[in-house]
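J.: What follows is a structure written as structure tokens; I'll ask about it next.
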Amino acid sequence: MAEKTSKDNGLPDYDIRLLTGPVMKEKPSRQVMLHAICSGGLLNKRDLALKIGELLAYSVYPREEMDRQRPLEIRDDGDRWTIIGSYNRQMKDGRGPLKVVLRKWDAAVLDLATPMLYTAPEDQGKTPDPGETFKRWVESKKP
């Protein structure tokens, strides 16, 4: 990293352009690229994708949540693997099924989430009248 001394206080001053940029600058090695090309990607086996997805989910969610999501289902979506949990797939209330999406080519994690269903109270479901809202706002501003 380039270091220069500030004239004002004598402390090191770093060029901000050297601190910004892409997170990963390195390219995959030639051996990794060759393997990916020859085998259809780094993550080309169903059982391997399922294990990696499961490990990722365990690193984010507590054991109780993962036990609720079992059995996990894996689907081949062409260039990616989609791993879906079995809990609350119809999204009737609360937390939905776990979803992990892994790209086959480089094993990148494209999605790792459990959707949540939020229900609004009944009175919040109505569309407010703009005129009434404006009148209440004017009244609140009066001294």
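By convention here, the chains of the structure tokens are called A, B, ... in the order presented, each chain's residues are numbered starting at 1, and ligands are numbered starting at 1 in the order presented.
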Can you tell me, as a ChimeraX atom specification, which residues in stretch 19-75 of chain A count as alpha helix (DSSP H) by DSSP?
T.: /A:30-39,46-60,63-69
J.: Need the shell around A:Arg68: protein/DNA/RNA residues with any atom at most 7 Å away, counting only C-alpha atoms. Skip same-chain ones fewer than 3 positions apart. Format as a compact mmCIF listing (two decimals) with C-alpha atoms, in the first residue's frame?
T.:
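Below is the file that was written, part.txt:
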# COMPACT_ATOMS: atom_id res chain seq x y z
CA GLU A 64 -33.55 -26.20 15.68
CA GLU A 65 -34.33 -24.35 12.44
CA TYR A 87 -40.80 -26.53 6.41
J.: Which neighbours of stretch 98-113 of chain A fall inside 10 Å, counting only C-alpha atoms, when residues of the same chain fewer than 2 positions from it are skipped, and could you give them as a count of residues only?
T.: 50
